[in-house]
Amino acid sequence: MLADLDMVFAGQKATVLTDEPGLADWPTLQGVPASTFEEVLVGREPVPSRAVAVPLDHGRLPSRRELRDIFSGSGVLWIPLASFSPDPQVARYGLEKFSEIDIRECVAANRRIISQLLLAREEVRMTGPGADLAIRLPERLQLSGRTRPELLPDEHSTIGTHFEVAMSPTDPAAVSTPISRFPERCGWIPYSSPDAVN
């Protein structure tokens, strides 16, 4: 787990924050500081400048406004396990699996996929054992996915963006790092946001 957190936070120490006190014990055993949202809210623990937020129950989370105020100057990697299961054992399993992932290789794969989609003309074909899928691409294609592992000092991101590339024919206004391709007279010109660092 420490290796992945070093990658995401550029070697700076991060604190795991959760709404489940029992879950905070496991990262501590792995050498990762951990606390609860409540301890930070009431001032028993300082606001970390780098945090891994692991909510298990949306009902126990501080309000959006409180979270925004707490983390306004922090880099935060969100692992929203509350979307899957509130069970602390499931959460621990999820964190264990996270610690086995090669973040750098996953983000490199995102870059390769994005490059192929940006340069594709009209159709992308995916084939393999039992699969033969052709996707016709729209003239304007919106892509979203992390293309660098590190978070900026005040950036927030979810863990899923490190492992996936989302694609849509519409403008994803809610996405903070869209990557688009636009048709030009000389062919398809790739355009990327400043977040798309190769």
# chains A, B, ... in the order shown; residues from 1 in each chain; ligands from 1
$ select_by_dssp --residues "region 44-134 of chain A" --states "alpha helix (DSSP H)" --output "ChimeraX atom specification"
/A:64-70,88-99,103-119
$ closest_atom_pairs --of "region 61-180 of chain A" --to "region 46-54 of chain A" --cutoff "7 Å" --atoms "only C-alpha atoms" --output "Markdown table"
| residue | atom | partner | partner_atom | distance |
| --- | --- | --- | --- | --- |
| A:Ile70 | CA | A:Val47 | CA | 6.8 |
| A:Gly73 | CA | A:Ser49 | CA | 6.9 |
| A:Ser74 | CA | A:Ser49 | CA | 4.4 |
| A:Gly75 | CA | A:Arg50 | CA | 4.8 |
| A:Val76 | CA | A:Ala51 | CA | 4.8 |
| A:Leu77 | CA | A:Val52 | CA | 4.8 |
| A:Trp78 | CA | A:Ala53 | CA | 4.8 |
| A:Ile79 | CA | A:Val54 | CA | 5.0 |
| A:Pro80 | CA | A:Val54 | CA | 5.7 |
| A:Leu81 | CA | A:Val54 | CA | 6.4 |
$ write_last_selection --atoms "all heavy atoms" --output "compact mmCIF listing (two decimals), in the first residue's frame"
# COMPACT_ATOMS: atom_id res chain seq x y z
N ILE A 70 -13.08 21.21 4.76
CA ILE A 70 -11.99 20.44 5.37
C ILE A 70 -10.84 20.26 4.38
O ILE A 70 -9.67 20.47 4.70
CB ILE A 70 -12.48 19.05 5.82
CG1 ILE A 70 -13.44 19.17 6.99
CG2 ILE A 70 -11.30 18.16 6.23
CD1 ILE A 70 -14.17 17.87 7.29
N GLY A 73 -7.65 22.63 0.74
CA GLY A 73 -6.24 22.74 0.35
C GLY A 73 -5.51 21.42 0.33
O GLY A 73 -4.28 21.40 0.33
N SER A 74 -6.24 20.32 0.33
CA SER A 74 -5.63 18.99 0.41
C SER A 74 -5.73 18.24 -0.91
O SER A 74 -6.69 18.42 -1.66
CB SER A 74 -6.33 18.15 1.49
OG SER A 74 -6.28 18.77 2.75
N GLY A 75 -4.77 17.38 -1.15
CA GLY A 75 -4.87 16.41 -2.23
C GLY A 75 -5.57 15.17 -1.68
O GLY A 75 -5.15 14.65 -0.64
N VAL A 76 -6.65 14.73 -2.33
CA VAL A 76 -7.44 13.63 -1.78
C VAL A 76 -7.70 12.57 -2.86
O VAL A 76 -8.21 12.88 -3.94
CB VAL A 76 -8.80 14.13 -1.22
CG1 VAL A 76 -9.57 12.97 -0.59
CG2 VAL A 76 -8.60 15.25 -0.21
N LEU A 77 -7.35 11.34 -2.54
CA LEU A 77 -7.70 10.19 -3.36
C LEU A 77 -8.92 9.54 -2.71
O LEU A 77 -8.84 9.06 -1.58
CB LEU A 77 -6.55 9.20 -3.44
CG LEU A 77 -6.83 7.92 -4.23
CD1 LEU A 77 -7.02 8.25 -5.72
CD2 LEU A 77 -5.71 6.92 -4.05
N TRP A 78 -10.05 9.55 -3.42
CA TRP A 78 -11.29 8.98 -2.89
C TRP A 78 -11.41 7.52 -3.31
O TRP A 78 -11.29 7.20 -4.49
CB TRP A 78 -12.50 9.76 -3.40
CG TRP A 78 -12.62 11.10 -2.73
CD1 TRP A 78 -12.05 12.27 -3.14
CD2 TRP A 78 -13.36 11.40 -1.54
NE1 TRP A 78 -12.38 13.28 -2.27
CE2 TRP A 78 -13.18 12.78 -1.28
CE3 TRP A 78 -14.14 10.64 -0.68
CZ2 TRP A 78 -13.77 13.40 -0.19
CZ3 TRP A 78 -14.73 11.27 0.41
CH2 TRP A 78 -14.54 12.63 0.65
N ILE A 79 -11.63 6.65 -2.33
CA ILE A 79 -11.93 5.25 -2.59
C ILE A 79 -13.33 5.03 -2.02
O ILE A 79 -13.49 4.66 -0.85
CB ILE A 79 -10.90 4.31 -1.94
CG1 ILE A 79 -9.48 4.66 -2.42
CG2 ILE A 79 -11.22 2.85 -2.26
CD1 ILE A 79 -8.38 3.78 -1.84
N PRO A 80 -14.38 5.30 -2.81
CA PRO A 80 -15.76 5.35 -2.30
C PRO A 80 -16.38 3.96 -2.13
O PRO A 80 -17.29 3.57 -2.86
CB PRO A 80 -16.49 6.16 -3.37
CG PRO A 80 -15.75 5.85 -4.63
CD PRO A 80 -14.30 5.64 -4.24
N LEU A 81 -15.90 3.23 -1.14
CA LEU A 81 -16.39 1.86 -0.94
C LEU A 81 -17.84 1.83 -0.48
O LEU A 81 -18.49 0.80 -0.58
CB LEU A 81 -15.48 1.14 0.05
CG LEU A 81 -14.04 0.96 -0.43
CD1 LEU A 81 -13.19 0.27 0.63
CD2 LEU A 81 -13.98 0.18 -1.73
$ residues_around --residues "region 25-34 of chain A" --least-positions-apart "3" --cutoff "12 Å" --atoms "only C-alpha atoms" --output "PyMOL selection string"
chain A and resi 1-6+12-22+37+39-40+45-48+50-54+88-89+91-96+98-99
$ closest_residue --among "A:Ala24, A:Leu141, A:Ala82, A:Cys106" --to "Glu122 (chain A)" --atoms "only C-alpha atoms"
A:Leu141
$ atom_distance --atom1 "CA of Asp57 (chain A)" --atom2 "CA of Phe84 (chain A)"
9.9 Å
$ atom_distance --atom1 "CA of Thr161 (chain A)" --atom2 "CA of Pro129 (chain A)"
26.4 Å
$ atom_distance --atom1 "CA of Ala166 (chain A)" --atom2 "CA of Leu143 (chain A)"
5.6 Å
$ residues_around --residues "Pro138 (chain A)" --least-positions-apart "5" --cutoff "10 Å" --atoms "only C-alpha atoms" --output "list in words"
Arg121, Glu122, Glu123, Ser168, Pro169 and Thr170 of chain A
$ residues_around --residues "Val107 (chain A)" --least-positions-apart "6" --cutoff "7 Å" --atoms "only C-alpha atoms" --output "list in words"
Arg146, Thr147, Arg148, Pro149, His162 and Phe163 of chain A
$ write_last_selection --atoms "C-alpha atoms" --output "PDB file, in the first residue's frame"
ATOM      1  CA  ARG A 146      -6.099   9.870 -15.539  1.00  0.00           C
ATOM      2  CA  THR A 147      -2.950  10.118 -17.612  1.00  0.00           C
ATOM      3  CA  ARG A 148      -0.532  10.660 -14.726  1.00  0.00           C
ATOM      4  CA  PRO A 149      -0.488   8.850 -11.388  1.00  0.00           C
ATOM      5  CA  HIS A 162      -6.597   5.558 -12.532  1.00  0.00           C
ATOM      6  CA  PHE A 163      -7.892   2.336 -14.111  1.00  0.00           C
TER       7      PHE A 163
END
$ closest_residue --among "A:Met7, A:Gly130, A:Asp102, A:Arg140" --to "Leu118 (chain A)" --atoms "only C-alpha atoms"
A:Arg140
$ select_by_dssp --residues "region 6-81 of chain A" --states "strand (DSSP E)" --output "PyMOL selection string"
chain A and resi 15-18+34-36+50-54+75-78
$ closest_residue --among "A:Ile159, A:Val42, A:Gly128, A:Thr36" --to "Leu61 (chain A)" --atoms "only C-alpha atoms"
A:Thr36
$ closest_residue --among "A:Glu164, A:Glu100, A:Glu105, A:Glu38" --to "Pro55 (chain A)" --atoms "only C-alpha atoms"
A:Glu38
